[in-house]
Each structure stands twice: as structure tokens, then as C-alpha cells.
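Next up, input_20.pdb (PDB, C-alpha atoms and all ligand atoms):
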```
ATOM      1  CA  MET A   1      33.052  14.891  14.759  1.00  0.00           C
ATOM      2  CA  LYS A   2      36.153  16.272  16.399  1.00  0.00           C
ATOM      3  CA  CYS A   3      37.032  19.753  17.571  1.00  0.00           C
ATOM      4  CA  PRO A   4      39.074  21.541  14.862  1.00  0.00           C
ATOM      5  CA  VAL A   5      41.086  23.368  17.570  1.00  0.00           C
ATOM      6  CA  CYS A   6      42.102  20.644  20.033  1.00  0.00           C
ATOM      7  CA  GLY A   7      40.954  17.465  18.296  1.00  0.00           C
ATOM      8  CA  GLU A   8      38.759  16.453  21.196  1.00  0.00           C
ATOM      9  CA  THR A   9      35.554  14.580  20.337  1.00  0.00           C
ATOM     10  CA  LEU A  10      32.666  16.997  20.277  1.00  0.00           C
ATOM     11  CA  ARG A  11      29.501  16.117  22.162  1.00  0.00           C
ATOM     12  CA  PRO A  12      25.999  17.223  21.252  1.00  0.00           C
ATOM     13  CA  GLY A  13      24.709  20.047  23.441  1.00  0.00           C
ATOM     14  CA  LYS A  14      22.178  19.182  26.077  1.00  0.00           C
ATOM     15  CA  LYS A  15      20.251  22.420  25.673  1.00  0.00           C
ATOM     16  CA  ASP A  16      20.481  22.589  21.889  1.00  0.00           C
ATOM     17  CA  PRO A  17      21.219  19.351  20.080  1.00  0.00           C
ATOM     18  CA  ASN A  18      21.879  21.324  16.894  1.00  0.00           C
ATOM     19  CA  TYR A  19      25.221  22.339  18.382  1.00  0.00           C
ATOM     20  CA  LEU A  20      28.257  20.261  19.242  1.00  0.00           C
ATOM     21  CA  LEU A  21      30.217  21.232  22.332  1.00  0.00           C
ATOM     22  CA  CYS A  22      33.922  21.001  22.989  1.00  0.00           C
ATOM     23  CA  TYR A  23      34.415  20.714  26.722  1.00  0.00           C
ATOM     24  CA  THR A  24      38.137  21.368  26.424  1.00  0.00           C
ATOM     25  CA  CYS A  25      37.887  24.683  24.566  1.00  0.00           C
ATOM     26  CA  LYS A  26      34.447  25.497  25.949  1.00  0.00           C
ATOM     27  CA  LYS A  27      33.277  26.229  22.449  1.00  0.00           C
ATOM     28  CA  LYS A  28      30.225  25.180  20.544  1.00  0.00           C
ATOM     29  CA  TYR A  29      29.994  24.337  16.903  1.00  0.00           C
ATOM     30  CA  LYS A  30      26.923  24.127  14.743  1.00  0.00           C
ATOM     31  CA  VAL A  31      26.158  20.614  13.602  1.00  0.00           C
ATOM     32  CA  PRO A  32      27.446  20.438  10.024  1.00  0.00           C
ATOM     33  CA  GLU A  33      25.054  20.151   7.097  1.00  0.00           C
ATOM     34  CA  LYS A  34      26.389  16.653   6.528  1.00  0.00           C
ATOM     35  CA  LYS A  35      23.976  15.264   9.098  1.00  0.00           C
ATOM     36  CA  THR A  36      20.885  16.480   7.256  1.00  0.00           C
ATOM     37  CA  VAL A  37      22.261  15.019   4.039  1.00  0.00           C
ATOM     38  CA  LYS A  38      22.649  11.700   5.801  1.00  0.00           C
ATOM     39  CA  LYS A  39      19.065  11.927   6.975  1.00  0.00           C
ATOM     40  CA  GLU A  40      17.914  12.471   3.415  1.00  0.00           C
ATOM     41  CA  GLU A  41      19.888   9.451   2.287  1.00  0.00           C
ATOM     42  CA  GLN A  42      18.148   7.363   4.904  1.00  0.00           C
ATOM     43  CA  LYS A  43      14.833   8.647   3.672  1.00  0.00           C
ATOM     44  CA  TYR A  44      15.710   7.628   0.134  1.00  0.00           C
ATOM     45  CA  SER A  45      16.862   4.210   1.228  1.00  0.00           C
ATOM     46  CA  ASN A  46      13.380   3.606   2.619  1.00  0.00           C
ATOM     47  CA  ILE A  47      12.044   3.725  -0.904  1.00  0.00           C
ATOM     48  CA  PRO A  48      12.307   0.182  -2.243  1.00  0.00           C
ATOM     49  CA  PRO A  49      14.565  -0.427  -5.223  1.00  0.00           C
ATOM     50  CA  LYS A  50      13.161  -0.330  -8.711  1.00  0.00           C
ATOM     51  CA  THR A  51      12.824  -4.100  -8.989  1.00  0.00           C
ATOM     52  CA  VAL A  52      10.812  -4.358  -5.781  1.00  0.00           C
ATOM     53  CA  ARG A  53       8.576  -1.493  -6.844  1.00  0.00           C
ATOM     54  CA  LYS A  54       7.996  -3.120 -10.221  1.00  0.00           C
ATOM     55  CA  LYS A  55       7.159  -6.397  -8.542  1.00  0.00           C
ATOM     56  CA  ARG A  56       4.675  -4.651  -6.265  1.00  0.00           C
ATOM     57  CA  GLU A  57       3.112  -2.853  -9.204  1.00  0.00           C
ATOM     58  CA  LYS A  58       2.782  -6.169 -10.985  1.00  0.00           C
ATOM     59  CA  GLU A  59       1.156  -7.753  -7.943  1.00  0.00           C
ATOM     60  CA  MET A  60      -1.206  -4.832  -7.565  1.00  0.00           C
ATOM     61  CA  LYS A  61      -2.133  -4.997 -11.224  1.00  0.00           C
ATOM     62  CA  LYS A  62      -2.696  -8.732 -10.939  1.00  0.00           C
ATOM     63  CA  ALA A  63      -4.944  -8.251  -7.922  1.00  0.00           C
ATOM     64  CA  TYR A  64      -6.837  -5.539  -9.761  1.00  0.00           C
ATOM     65  CA  ASP A  65      -7.289  -7.763 -12.801  1.00  0.00           C
ATOM     66  CA  GLU A  66      -8.524 -10.573 -10.563  1.00  0.00           C
ATOM     67  CA  MET A  67     -10.956  -8.179  -8.933  1.00  0.00           C
ATOM     68  CA  LEU A  68     -12.279  -7.183 -12.346  1.00  0.00           C
ATOM     69  CA  SER A  69     -12.583 -10.785 -13.526  1.00  0.00           C
ATOM     70  CA  VAL A  70     -14.486 -11.666 -10.352  1.00  0.00           C
ATOM     71  CA  GLU A  71     -16.864  -8.837 -11.068  1.00  0.00           C
ATOM     72  CA  GLU A  72     -17.339 -10.097 -14.598  1.00  0.00           C
ATOM     73  CA  GLU A  73     -18.020 -13.619 -13.363  1.00  0.00           C
ATOM     74  CA  TYR A  74     -20.540 -12.277 -10.915  1.00  0.00           C
ATOM     75  CA  GLN A  75     -22.329 -10.406 -13.677  1.00  0.00           C
ATOM     76  CA  GLU A  76     -22.260 -13.484 -15.902  1.00  0.00           C
ATOM     77  CA  ASP A  77     -23.803 -15.520 -13.111  1.00  0.00           C
ATOM     78  CA  LYS A  78     -26.506 -12.948 -12.637  1.00  0.00           C
ATOM     79  CA  VAL A  79     -27.328 -12.992 -16.344  1.00  0.00           C
ATOM     80  CA  SER A  80     -27.321 -16.789 -16.657  1.00  0.00           C
ATOM     81  CA  VAL A  81     -29.451 -17.285 -13.524  1.00  0.00           C
ATOM     82  CA  VAL A  82     -32.291 -15.054 -14.743  1.00  0.00           C
ATOM     83  CA  PRO A  83     -33.332 -17.185 -17.785  1.00  0.00           C
ATOM     84  CA  ILE A  84     -33.288 -20.329 -15.638  1.00  0.00           C
ATOM     85  CA  VAL A  85     -35.613 -18.695 -13.119  1.00  0.00           C
ATOM     86  CA  VAL A  86     -37.881 -17.446 -15.894  1.00  0.00           C
ATOM     87  CA  LEU A  87     -37.858 -20.893 -17.523  1.00  0.00           C
ATOM     88  CA  THR A  88     -38.693 -22.579 -14.203  1.00  0.00           C
ATOM     89  CA  ILE A  89     -41.589 -20.195 -13.638  1.00  0.00           C
ATOM     90  CA  ALA A  90     -42.805 -20.782 -17.208  1.00  0.00           C
ATOM     91  CA  ILE A  91     -42.620 -24.576 -16.770  1.00  0.00           C
ATOM     92  CA  LEU A  92     -44.482 -24.325 -13.450  1.00  0.00           C
ATOM     93  CA  ALA A  93     -47.087 -22.107 -15.088  1.00  0.00           C
ATOM     94  CA  VAL A  94     -47.567 -24.544 -17.973  1.00  0.00           C
ATOM     95  CA  ALA A  95     -47.685 -27.461 -15.512  1.00  0.00           C
ATOM     96  CA  GLY A  96     -50.271 -25.546 -13.477  1.00  0.00           C
ATOM     97  CA  ILE A  97     -52.391 -24.920 -16.568  1.00  0.00           C
ATOM     98  CA  ILE A  98     -52.172 -28.619 -17.547  1.00  0.00           C
ATOM     99  CA  VAL A  99     -53.128 -29.717 -14.013  1.00  0.00           C
ATOM    100  CA  TYR A 100     -55.965 -27.168 -13.999  1.00  0.00           C
ATOM    101  CA  MET A 101     -57.196 -28.415 -17.376  1.00  0.00           C
ATOM    102  CA  LEU A 102     -56.957 -32.069 -16.288  1.00  0.00           C
ATOM    103  CA  LEU A 103     -58.897 -31.399 -13.096  1.00  0.00           C
ATOM    104  CA  LYS A 104     -61.580 -29.426 -14.883  1.00  0.00           C
TER     105      LYS A 104
HETATM  106 ZN    ZN A 201      38.294  21.942  21.383  1.00  0.00          ZN
END
```

As C-alpha cells, how would this structure be written, given the file I've shared?
Amino acid sequence: MKCPVCGETLRPGKKDPNYLLCYTCKKKYKVPEKKTVKKEEQKYSNIPPKTVRKKREKEMKKAYDEMLSVEEEYQEDKVSVVPIVVLTIAILAVAGIIVYMLLK
């Protein structure tokens, strides 16, 4: 920014950076609102564009679905393992009874 009186380039104050100083006129000017607007724009530019956000949402949803399907698989495994264990125990029990009866 330049001094409106002499056209000299204003420099930010050392004591108060919210003010710009003109060393020629020995005047200080408040930093215009423009700067804060620029800051806000930078903040907005940090937010990814719609397409990127959508892609991320999609990826997150995919990961979530995978997590759920893994959980389902785990539960299915748990259910299918139990009858096998029961069956094995039953077979062993029957085998034990047969062996016991044969030895008797
Ligand atoms: Zn000036």
C-alpha cells in the first residue's frame, strides 16, 4: 500500500503491525480491511474443492462399508465355527462311548 499523501510505500509499524507508517509524512495509517478479507479468502482456499470432498466422502464411506463387512464376516465365522466344535465334541463323545463299550 502507498501513502495517499506523498505516494511513498507504507511500511508496517514495528510497535503496532496493525498500522502502516509513512516515513516521509511521519503519519500512520490503519491497515485497511482488505487484509482481513484476504485472510478469509486464504482460509476458504484451504477447504478442498467440492470434487475432492466428494471423493473423500466416497473413500470414507467405502472404508466404513468394508469395516462393516469385516464385522459381518467375523460374526459369520463365529457362528459357523460353533457347530463344528459341537459336532467334533459329539463325535468324540460317541467314539468314547463305543470304545468304552468295546473295552467292557
Ligand atoms: Zn506520506

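If one restricts the calculation to only C-alpha atoms and all ligand atoms, the set of residues situated within 10 Å of ligand ZN 201 (chain A) consists of Lys2, Cys3, Pro4, Val5, Cys6, Gly7, Glu8, Thr9, Leu10, Leu21, Cys22, Tyr23, Thr24, Cys25, Lys26, Lys27, Lys28 and Tyr29 of chain A.
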
Prev. selection, C-alpha atoms, output as a tab-separated table (two decimals), keeping the file's coordinate frame:
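Output (result-v2.tsv):
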```
chain	number	residue	atom	x	y	z
A	2	LYS	CA	36.15	16.27	16.40
A	3	CYS	CA	37.03	19.75	17.57
A	4	PRO	CA	39.07	21.54	14.86
A	5	VAL	CA	41.09	23.37	17.57
A	6	CYS	CA	42.10	20.64	20.03
A	7	GLY	CA	40.95	17.46	18.30
A	8	GLU	CA	38.76	16.45	21.20
A	9	THR	CA	35.55	14.58	20.34
A	10	LEU	CA	32.67	17.00	20.28
A	21	LEU	CA	30.22	21.23	22.33
A	22	CYS	CA	33.92	21.00	22.99
A	23	TYR	CA	34.42	20.71	26.72
A	24	THR	CA	38.14	21.37	26.42
A	25	CYS	CA	37.89	24.68	24.57
A	26	LYS	CA	34.45	25.50	25.95
A	27	LYS	CA	33.28	26.23	22.45
A	28	LYS	CA	30.22	25.18	20.54
A	29	TYR	CA	29.99	24.34	16.90
```

Straight-line distance linking CA of Thr51 in chain A with CA of Leu68 in chain A, stated in Å to one decimal: 25.5 Å

Separation of CA of Ser69 in chain A from CA of Ile84 in chain A, in Å and rounded to one decimal: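 Separating CA of Ser69 in chain A from CA of Ile84 in chain A is a distance of 22.9 Å.
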
Length of the CA of Val85 in chain A to CA of Ile97 in chain A vector [Å]: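 Answer for the CA of Val85 in chain A to CA of Ile97 in chain A separation: 18.2 Å.
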
Set the distance at 9 Å and use only C-alpha atoms: which residues neighbour Asn18 in chain A once local chain neighbours fewer than 6 positions away are removed? I'd like the list as a PDB file with C-alpha atoms, in the coordinates of the input.
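As written to disk, part_12.pdb reads:
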```
ATOM      1  CA  PRO A  12      25.999  17.223  21.252  1.00  0.00           C
ATOM      2  CA  TYR A  29      29.994  24.337  16.903  1.00  0.00           C
ATOM      3  CA  LYS A  30      26.923  24.127  14.743  1.00  0.00           C
ATOM      4  CA  VAL A  31      26.158  20.614  13.602  1.00  0.00           C
ATOM      5  CA  PRO A  32      27.446  20.438  10.024  1.00  0.00           C
TER       6      PRO A  32
END
```

Return as JSON the box centre and box size in Å, one decimal, for an axis-aligned box around all listed atoms of range 46-64 of chain A padded by 5 Å per side.
```
{"center_x": 3.9, "center_y": -2.5, "center_z": -4.3, "size_x": 31.4, "size_y": 22.5, "size_z": 23.8}
```
